[in-house]
$ cat structure-v3.cif   # mmCIF, C-alpha atoms
data_final
loop_
_atom_site.label_atom_id
_atom_site.label_comp_id
_atom_site.auth_asym_id
_atom_site.auth_seq_id
_atom_site.Cartn_x
_atom_site.Cartn_y
_atom_site.Cartn_z
CA MET A 1327 30.84 165.91 -94.22
CA THR A 1328 29.19 164.94 -97.50
CA GLY A 1329 25.61 163.71 -97.81
CA LEU A 1330 26.73 160.10 -98.08
CA GLU A 1331 28.84 160.39 -94.94
CA TYR A 1332 25.73 161.56 -93.08
CA VAL A 1333 23.94 158.49 -94.44
CA LEU A 1334 26.78 156.31 -93.13
CA ALA A 1335 26.67 157.93 -89.67
CA ALA A 1336 22.88 157.56 -89.57
CA THR A 1337 23.19 153.88 -90.53
CA PHE A 1338 25.55 153.17 -87.62
CA ALA A 1339 23.11 154.99 -85.31
CA VAL A 1340 20.10 153.03 -86.62
CA VAL A 1341 21.88 149.68 -86.03
CA GLY A 1342 22.28 150.61 -82.36
CA LEU A 1343 19.02 152.44 -81.80
CA VAL A 1344 16.56 149.92 -83.27
CA PRO A 1345 17.29 147.10 -80.75
CA LEU A 1346 17.60 149.67 -77.95
CA SER A 1347 14.20 151.21 -78.69
CA MET A 1348 12.60 147.73 -78.92
CA ALA A 1349 14.07 146.84 -75.52
CA LEU A 1350 12.93 150.09 -73.86
CA ARG A 1351 9.42 149.89 -75.31
CA TRP A 1352 8.90 146.26 -74.25
CA GLU A 1353 10.45 146.76 -70.80
CA ARG A 1354 8.04 149.67 -70.21
CA ARG A 1355 5.06 147.62 -71.43
CA LEU A 1356 6.09 144.66 -69.29
CA ALA A 1357 6.44 146.88 -66.21
CA ALA A 1358 2.98 148.40 -66.85
CA THR A 1359 1.38 144.98 -67.39
CA LEU A 1360 2.95 143.50 -64.27
CA HIS A 1361 1.83 146.58 -62.31
CA ASP A 1362 -1.76 145.98 -63.50
CA THR A 1363 -1.72 142.39 -62.22
CA GLN A 1364 -0.43 143.34 -58.74
CA PRO A 1365 -3.09 143.08 -56.00
CA PRO A 1366 -4.06 146.43 -54.43
CA PRO A 1367 -2.01 147.40 -51.34
CA ALA A 1368 -3.33 146.20 -47.99
CA PRO A 1369 -5.36 148.85 -46.13
CA HIS A 1370 -3.53 150.73 -43.42
CA ARG A 1371 -4.86 151.43 -39.99
CA GLY A 1372 -6.63 154.75 -40.00
CA ASP A 1373 -7.13 154.94 -43.79
CA VAL A 1374 -10.47 156.44 -44.84
CA GLY A 1375 -12.84 153.55 -45.45
CA SER A 1376 -10.34 151.02 -44.12
CA PRO A 1377 -11.80 147.96 -42.40
CA VAL A 1378 -8.80 148.11 -40.05
CA ARG A 1379 -9.93 150.59 -37.46
CA ALA A 1380 -7.82 153.24 -35.89
CA GLY A 1381 -7.02 152.58 -32.26
CA SER A 1382 -4.55 153.36 -29.58
CA GLU A 1383 -0.96 152.95 -30.80
CA ARG A 1384 0.05 151.67 -27.39
CA THR A 1385 -2.71 149.21 -26.59
CA GLY A 1386 -3.94 148.45 -30.07
CA ARG A 1387 -7.51 148.79 -28.84
CA MET B 1324 16.09 138.19 -64.10
CA LEU B 1325 18.40 136.04 -66.22
CA PHE B 1326 17.34 137.52 -69.57
CA ARG B 1327 18.29 141.04 -68.39
CA ARG B 1328 21.77 139.80 -67.49
CA ILE B 1329 22.03 138.31 -71.00
CA GLY B 1330 20.98 141.69 -72.43
CA LEU B 1331 23.55 143.55 -70.34
CA PHE B 1332 26.25 141.11 -71.45
CA GLY B 1333 25.19 141.67 -75.08
CA LEU B 1334 25.38 145.45 -74.67
CA VAL B 1335 28.90 145.23 -73.19
CA ALA B 1336 30.02 142.85 -75.99
CA VAL B 1337 28.60 145.14 -78.70
CA LEU B 1338 30.30 148.20 -77.18
CA ALA B 1339 33.62 146.30 -76.92
CA ALA B 1340 33.24 145.13 -80.54
CA THR B 1341 32.55 148.73 -81.64
CA VAL B 1342 35.71 149.99 -79.90
CA LEU B 1343 37.82 147.12 -81.28
CA THR B 1344 36.42 147.55 -84.81
CA THR B 1345 36.92 151.31 -85.00
CA THR B 1346 40.45 151.18 -83.56
CA GLN B 1347 41.93 147.91 -84.89
CA ALA B 1348 40.00 146.54 -87.88
CA SER B 1349 41.10 147.08 -91.49
CA ARG B 1350 39.01 149.52 -93.52
CA THR B 1351 40.09 147.96 -96.82
CA PHE B 1352 37.79 145.38 -98.38
CA TYR B 1353 38.08 144.21 -101.99
CA GLY B 1354 40.94 146.72 -102.45
CA VAL B 1355 38.79 149.74 -101.50
CA GLU B 1356 39.67 151.70 -98.35
CA HIS B 1357 36.60 153.35 -96.81
CA PRO B 1358 35.07 153.57 -93.30
CA VAL B 1359 31.84 152.10 -94.73
CA ASN B 1360 33.64 148.73 -94.76
CA LEU B 1361 33.33 148.71 -90.96
CA LEU B 1362 29.59 148.14 -91.52
CA PHE B 1363 30.62 144.57 -92.39
CA TYR B 1364 30.82 143.70 -88.67
CA ALA B 1365 27.27 144.89 -87.99
CA HIS B 1366 25.84 143.62 -91.29
CA VAL B 1367 27.13 140.04 -91.07
CA SER B 1368 26.42 139.71 -87.31
CA VAL B 1369 22.78 140.84 -87.50
CA ALA B 1370 22.26 138.80 -90.70
CA TRP B 1371 23.56 135.55 -89.20
CA VAL B 1372 21.69 135.99 -85.93
CA GLY B 1373 18.50 137.15 -87.67
CA PHE B 1374 18.41 134.18 -90.04
CA ALA B 1375 19.37 131.68 -87.31
CA GLY B 1376 16.53 133.13 -85.20
CA LEU B 1377 14.03 132.28 -87.93
CA LEU B 1378 15.11 128.64 -87.66
CA VAL B 1379 14.56 128.86 -83.87
CA ALA B 1380 11.06 130.22 -84.62
CA ALA B 1381 10.42 127.30 -86.99
CA LEU B 1382 11.54 124.79 -84.33
CA ALA B 1383 9.33 126.44 -81.67
CA SER B 1384 6.40 126.44 -84.14
CA ALA B 1385 6.96 122.75 -84.97
CA ALA B 1386 7.06 122.02 -81.23
CA TYR B 1387 3.79 123.96 -80.81
CA LEU B 1388 2.15 121.93 -83.59
CA HIS B 1389 3.34 118.74 -81.91
CA ASN B 1390 2.12 119.81 -78.47
CA PRO B 1391 0.25 123.16 -78.30
CA VAL B 1392 1.82 124.68 -75.19
CA GLU B 1393 1.23 128.47 -75.39
CA ARG B 1394 4.79 129.35 -74.35
CA ARG B 1395 6.08 127.79 -77.59
CA THR B 1396 3.98 130.01 -79.82
CA TRP B 1397 5.04 133.09 -77.81
CA ILE B 1398 8.71 132.19 -78.33
CA ALA B 1399 8.09 131.63 -82.05
CA GLN B 1400 6.28 134.96 -82.44
CA ALA B 1401 8.96 136.81 -80.47
CA ALA B 1402 11.74 135.20 -82.53
CA VAL B 1403 10.03 136.17 -85.81
CA ARG B 1404 9.50 139.75 -84.61
CA VAL B 1405 13.11 140.25 -83.52
CA SER B 1406 14.50 138.45 -86.59
CA PHE B 1407 12.38 140.69 -88.80
CA ALA B 1408 14.00 143.77 -87.19
CA PHE B 1409 17.47 142.23 -87.58
CA ILE B 1410 16.86 141.36 -91.26
CA THR B 1411 15.60 144.91 -91.86
CA LEU B 1412 18.89 146.16 -90.39
CA THR B 1413 20.77 143.68 -92.61
CA LEU B 1414 19.04 145.08 -95.70
CA ILE B 1415 19.65 148.71 -94.66
CA THR B 1416 23.36 148.20 -93.87
CA GLY B 1417 23.80 146.18 -97.09
CA MET B 1418 22.15 148.89 -99.18
CA VAL B 1419 24.30 151.65 -97.67
CA TRP B 1420 27.47 149.58 -98.17
CA GLY B 1421 26.43 148.89 -101.79
CA ARG B 1422 25.84 152.59 -102.44
CA PHE B 1423 29.43 153.41 -101.39
CA ILE B 1424 31.22 150.43 -102.94
CA TRP B 1425 29.07 149.37 -105.94
CA ASN B 1426 27.67 152.87 -106.50
CA SER B 1427 24.16 151.41 -106.37
CA TRP B 1428 21.57 151.08 -103.57
CA TRP B 1429 20.09 147.88 -104.98
CA GLU B 1430 20.86 145.29 -107.68
CA TRP B 1431 17.94 143.17 -108.85
CA SER B 1432 20.34 140.88 -110.73
CA ASP B 1433 21.96 139.76 -107.46
CA ILE B 1434 20.47 136.56 -106.07
CA ARG B 1435 21.47 137.16 -102.41
CA LEU B 1436 19.77 140.56 -102.30
CA VAL B 1437 16.59 139.31 -103.96
CA THR B 1438 16.26 136.17 -101.79
CA ALA B 1439 16.87 138.24 -98.61
CA LEU B 1440 14.10 140.61 -99.69
CA VAL B 1441 11.79 137.62 -100.31
CA VAL B 1442 12.47 136.43 -96.73
CA TRP B 1443 11.66 139.94 -95.46
CA PHE B 1444 8.30 139.98 -97.28
CA VAL B 1445 7.41 136.42 -96.22
CA TYR B 1446 7.95 137.23 -92.54
CA ALA B 1447 6.24 140.62 -92.86
CA GLY B 1448 3.22 138.56 -93.94
CA HIS B 1449 3.68 136.30 -90.93
CA LEU B 1450 3.73 139.28 -88.54
CA LEU B 1451 0.57 140.73 -90.11
CA PHE B 1452 -1.11 137.33 -89.84
CA HIS B 1453 -0.23 137.05 -86.14
CA GLN B 1454 -1.52 140.54 -85.37
CA GLN B 1455 -4.98 139.33 -86.41
CA ALA B 1456 -4.68 135.95 -84.62
CA GLN B 1457 -7.06 135.45 -81.70
CA HIS B 1458 -7.92 131.78 -81.44
CA ALA B 1459 -5.95 128.55 -81.11
CA THR B 1460 -6.76 127.73 -84.76
CA ASP B 1461 -5.09 130.99 -85.86
CA TYR B 1462 -2.00 130.16 -83.78
CA ARG B 1463 -1.84 126.71 -85.39
CA ARG B 1464 -2.08 128.25 -88.87
CA GLY B 1465 0.60 130.77 -87.90
CA ALA B 1466 2.85 127.93 -86.75
CA VAL B 1467 2.35 126.09 -90.08
CA PHE B 1468 3.14 129.36 -91.91
CA CYS B 1469 6.31 129.77 -89.84
CA VAL B 1470 7.52 126.20 -90.50
CA LEU B 1471 6.88 126.50 -94.27
CA ALA B 1472 8.42 130.01 -94.45
CA SER B 1473 11.65 128.73 -92.88
CA ILE B 1474 12.43 126.98 -96.20
CA SER B 1475 13.33 130.44 -97.56
CA VAL B 1476 16.14 130.84 -94.96
CA PRO B 1477 18.62 128.11 -96.09
CA ILE B 1478 17.91 129.06 -99.72
CA THR B 1479 18.99 132.67 -98.97
CA VAL B 1480 22.04 131.61 -96.96
CA ALA B 1481 23.22 129.19 -99.69
CA SER B 1482 22.14 131.39 -102.62
CA THR B 1483 25.62 132.72 -103.40
CA ARG B 1484 26.90 129.13 -103.65
CA LEU B 1485 23.89 127.74 -105.53
CA TRP B 1486 23.67 130.48 -108.18
CA GLN B 1487 25.94 132.99 -109.89
CA SER B 1488 25.93 136.16 -107.81
CA PRO B 1489 27.45 139.09 -109.76
CA PHE B 1490 27.83 141.37 -106.72
CA HIS B 1491 27.34 139.75 -103.33
CA GLY B 1492 30.01 137.06 -102.98
CA THR B 1493 30.48 134.60 -100.13
CA THR B 1494 31.59 137.25 -97.62
CA LEU B 1495 33.92 135.48 -95.21
CA ALA B 1496 35.39 133.06 -97.76
CA SER B 1497 36.31 135.89 -100.13
CA ASP B 1498 39.99 136.73 -100.77
CA GLY B 1499 39.33 140.47 -100.72
CA VAL B 1500 38.09 140.47 -97.12
CA THR B 1501 40.44 140.54 -94.11
CA VAL B 1502 38.35 140.16 -90.98
CA HIS B 1503 39.57 141.19 -87.54
CA ALA B 1504 38.63 137.88 -85.84
CA PRO B 1505 38.29 139.05 -82.19
CA ALA B 1506 36.16 142.06 -83.22
CA PHE B 1507 33.94 139.86 -85.39
CA ALA B 1508 33.61 137.21 -82.65
CA LEU B 1509 32.61 139.89 -80.13
CA ALA B 1510 30.13 141.46 -82.56
CA LEU B 1511 28.56 138.06 -83.25
CA LEU B 1512 28.44 137.17 -79.54
CA GLY B 1513 26.95 140.57 -78.68
CA ALA B 1514 24.31 140.34 -81.43
CA THR B 1515 23.38 136.81 -80.27
CA ALA B 1516 23.03 137.92 -76.63
CA VAL B 1517 20.97 141.00 -77.58
CA TYR B 1518 18.78 138.79 -79.78
CA ALA B 1519 18.25 136.24 -76.97
CA TYR B 1520 17.41 139.05 -74.52
CA LEU B 1521 14.85 140.62 -76.87
CA VAL B 1522 13.18 137.26 -77.63
CA LEU B 1523 12.96 136.32 -73.94
CA LEU B 1524 11.68 139.80 -73.03
CA ARG B 1525 9.04 139.74 -75.76
CA SER B 1526 7.82 136.23 -74.87
CA ARG B 1527 7.66 137.28 -71.19
CA LEU B 1528 5.57 140.27 -72.28
CA HIS B 1529 3.24 137.97 -74.28
CA GLN B 1530 2.84 135.79 -71.20
CA ALA B 1531 2.14 138.73 -68.86
CA GLU B 1532 -0.40 140.28 -71.24
CA HIS B 1533 -2.08 136.92 -71.71
CA VAL B 1534 -2.39 136.40 -67.93
CA THR B 1535 -3.79 139.95 -67.47
CA ALA B 1536 -6.35 139.49 -70.27
CA ARG B 1537 -7.44 136.14 -68.80
CA SER B 1538 -7.82 137.51 -65.26
CA ARG B 1539 -9.90 140.43 -66.62
CA GLU B 1540 -12.17 137.99 -68.50
CA PHE B 1541 -12.46 135.89 -65.35
CA ALA B 1542 -13.38 138.96 -63.26
CA ARG B 1543 -16.31 139.88 -65.57
#

$ encode --input "structure-v3.cif" --output "structure tokens"
Amino acid sequence: MTGLEYVLAATFAVVGLVPLSMALRWERRLAATLHDTQPPPAPHRGDVGSPVRAGSERTGR
Amino acid sequence: MLFRRIGLFGLVAVLAATVLTTTQASRTFYGVEHPVNLLFYAHVSVAWVGFAGLLVAALASAAYLHNPVERRTWIAQAAVRVSFAFITLTLITGMVWGRFIWNSWWEWSDIRLVTALVVWFVYAGHLLFHQQAQHATDYRRGAVFCVLASISVPITVASTRLWQSPFHGTTLASDGVTVHAPAFALALLGATAVYAYLVLLRSRLHQAEHVTARSREFAR
């Protein structure tokens, strides 16, 4: 392959990779932003510091 | 989400166009046989979609000026950003094609090349302006900028008909160009779908970041 043929191959790659990299970057940023806005998970019974107290599995008391 | 389905459709169309172009399309343009001529399908598709997207941005900006709903300015900003990338790709593919066929990377005497570069600089200015924008007044000024800048788009598109262009002719109307119609239609459809996906994704990102910033301010 000559130097110009490498340039041609790189050009075809750039045409595909530029939109793909934009999509991946923005999808990742969107996922991170949406994750930040999610409310924290509800406390589970028995968690340390949880207001929901641990009790008997059978009676719930 | 709908925009992801559009993106997936665009990806499939682009891949199908690539297969069809490399296996079926003629590699001879203007009497010169070379694989670089296959760049035509990418070059013209991204150019058309990129320039059309700038008109969408101008319409969204005009709508924002008429009634300042934030979603309109996000769509306008997203359209400018994606169009800017597409026009950059148009310039790169055009330069590489010119190097093989005209034996020159760039011709300052050619009106289409120069007007396309003017559009690129104008919208680079718009992107820089929007990066600094923080208040509603800035967004309004950005929208005015976008509407005024859109005048450069039809001038570039019609430049080869309005003025003498020694190198870049009217591509599709030229006698020396035999276009594989299904491959070109698929490439154009794929580029349009990818463009729509990127604009919708970016405006969704603007919206999400805006909501997060507001809720943080509210929490303080």

$ resolve_selection --input "structure-v3.cif" --expression "the PyMOL selection byres ((chain A) within 7 of (chain B))" --output "number ranges by chain"
A: 1334, 1337, 1341, 1349, 1352, 1356, 1359-1360, 1363

$ write_last_selection --input "structure-v3.cif" --atoms "C-alpha atoms" --output "tab-separated table (two decimals), keeping the file's coordinate frame"
chain	number	residue	atom	x	y	z
A	1334	LEU	CA	26.78	156.31	-93.13
A	1337	THR	CA	23.19	153.88	-90.53
A	1341	VAL	CA	21.88	149.68	-86.03
A	1349	ALA	CA	14.07	146.84	-75.52
A	1352	TRP	CA	8.90	146.26	-74.25
A	1356	LEU	CA	6.09	144.66	-69.29
A	1359	THR	CA	1.38	144.98	-67.39
A	1360	LEU	CA	2.95	143.50	-64.27
A	1363	THR	CA	-1.72	142.39	-62.22

$ atom_distance --input "structure-v3.cif" --atom1 "CA of Ala1516 (chain B)" --atom2 "CA of Phe1326 (chain B)"
9.1 Å

$ resolve_selection --input "structure-v3.cif" --expression "the PyMOL selection byres ((chain B and resi 1364) around 9)" --output "list in words"
Ala1340, Thr1341, Thr1344, Asn1360, Leu1361, Leu1362, Phe1363, Ala1365, His1366, Val1367, Ser1368, Val1369, Val1502, Ala1506, Phe1507, Ala1510 and Leu1511 of chain B

$ atom_distance --input "structure-v3.cif" --atom1 "CA of Ser1526 (chain B)" --atom2 "CA of Pro1477 (chain B)"
25.2 Å

$ residues_around --input "structure-v3.cif" --residues "region 1448-1456 of chain B" --least-positions-apart "2" --cutoff "9 Å" --atoms "only C-alpha atoms" --output "list in words"
Gln1400, Val1403, Arg1404, Phe1407, Trp1443, Phe1444, Val1445, Tyr1446, His1458, Ala1459, Thr1460, Asp1461, Tyr1462, Gly1465, Phe1468, Cys1469 and Ala1472 of chain B

$ build_atoms --input "structure-v3.cif" --residues "region 1340-1351 of chain A" --atoms "all heavy atoms" --output "compact mmCIF listing (two decimals), in the coordinates of the input"
# COMPACT_ATOMS: atom_id res chain seq x y z
N VAL A 1340 21.33 153.85 -86.51
CA VAL A 1340 20.10 153.03 -86.62
C VAL A 1340 20.36 151.61 -86.11
O VAL A 1340 19.54 151.03 -85.39
CB VAL A 1340 19.60 153.02 -88.09
CG1 VAL A 1340 18.63 151.89 -88.35
CG2 VAL A 1340 18.94 154.34 -88.42
N VAL A 1341 21.54 151.05 -86.46
CA VAL A 1341 21.88 149.68 -86.03
C VAL A 1341 21.86 149.58 -84.51
O VAL A 1341 21.41 148.58 -83.94
CB VAL A 1341 23.26 149.26 -86.60
CG1 VAL A 1341 23.72 147.95 -85.99
CG2 VAL A 1341 23.19 149.13 -88.10
N GLY A 1342 22.30 150.64 -83.82
CA GLY A 1342 22.28 150.61 -82.36
C GLY A 1342 20.93 150.96 -81.77
O GLY A 1342 20.50 150.36 -80.79
N LEU A 1343 20.25 151.91 -82.41
CA LEU A 1343 19.02 152.44 -81.80
C LEU A 1343 17.81 151.53 -81.95
O LEU A 1343 16.94 151.53 -81.09
CB LEU A 1343 18.71 153.83 -82.38
CG LEU A 1343 19.65 154.94 -81.93
CD1 LEU A 1343 19.30 156.26 -82.60
CD2 LEU A 1343 19.62 155.11 -80.41
N VAL A 1344 17.75 150.77 -83.06
CA VAL A 1344 16.56 149.92 -83.27
C VAL A 1344 16.41 148.87 -82.15
O VAL A 1344 15.36 148.82 -81.49
CB VAL A 1344 16.58 149.28 -84.68
CG1 VAL A 1344 15.56 148.16 -84.80
CG2 VAL A 1344 16.28 150.34 -85.73
N PRO A 1345 17.46 148.05 -81.86
CA PRO A 1345 17.29 147.10 -80.75
C PRO A 1345 17.07 147.79 -79.40
O PRO A 1345 16.29 147.32 -78.58
CB PRO A 1345 18.60 146.30 -80.74
CG PRO A 1345 19.23 146.55 -82.05
CD PRO A 1345 18.78 147.90 -82.49
N LEU A 1346 17.74 148.94 -79.22
CA LEU A 1346 17.60 149.67 -77.95
C LEU A 1346 16.16 150.16 -77.76
O LEU A 1346 15.58 150.02 -76.67
CB LEU A 1346 18.57 150.85 -77.94
CG LEU A 1346 18.77 151.54 -76.60
CD1 LEU A 1346 19.46 150.60 -75.62
CD2 LEU A 1346 19.59 152.81 -76.76
N SER A 1347 15.57 150.70 -78.82
CA SER A 1347 14.20 151.21 -78.69
C SER A 1347 13.21 150.06 -78.48
O SER A 1347 12.24 150.20 -77.72
CB SER A 1347 13.80 152.05 -79.91
OG SER A 1347 13.65 151.23 -81.02
N MET A 1348 13.48 148.90 -79.15
CA MET A 1348 12.60 147.73 -78.92
C MET A 1348 12.66 147.32 -77.45
O MET A 1348 11.63 147.06 -76.81
CB MET A 1348 13.06 146.55 -79.79
CG MET A 1348 12.74 146.70 -81.26
SD MET A 1348 13.63 145.49 -82.25
CE MET A 1348 12.54 144.11 -82.15
N ALA A 1349 13.89 147.27 -76.91
CA ALA A 1349 14.07 146.84 -75.52
C ALA A 1349 13.36 147.80 -74.56
O ALA A 1349 12.63 147.37 -73.68
CB ALA A 1349 15.56 146.76 -75.19
N LEU A 1350 13.53 149.10 -74.77
CA LEU A 1350 12.93 150.09 -73.86
C LEU A 1350 11.41 150.03 -73.91
O LEU A 1350 10.73 150.06 -72.88
CB LEU A 1350 13.42 151.50 -74.20
CG LEU A 1350 14.90 151.78 -73.90
CD1 LEU A 1350 15.28 153.18 -74.35
CD2 LEU A 1350 15.19 151.61 -72.41
N ARG A 1351 10.88 149.92 -75.14
CA ARG A 1351 9.42 149.89 -75.31
C ARG A 1351 8.82 148.66 -74.62
O ARG A 1351 7.82 148.75 -73.90
CB ARG A 1351 9.10 149.88 -76.81
CG ARG A 1351 7.67 150.19 -77.16
CD ARG A 1351 7.57 150.77 -78.57
NE ARG A 1351 8.58 150.27 -79.48
CZ ARG A 1351 8.40 149.26 -80.33
NH1 ARG A 1351 7.24 148.65 -80.38
NH2 ARG A 1351 9.36 148.88 -81.16
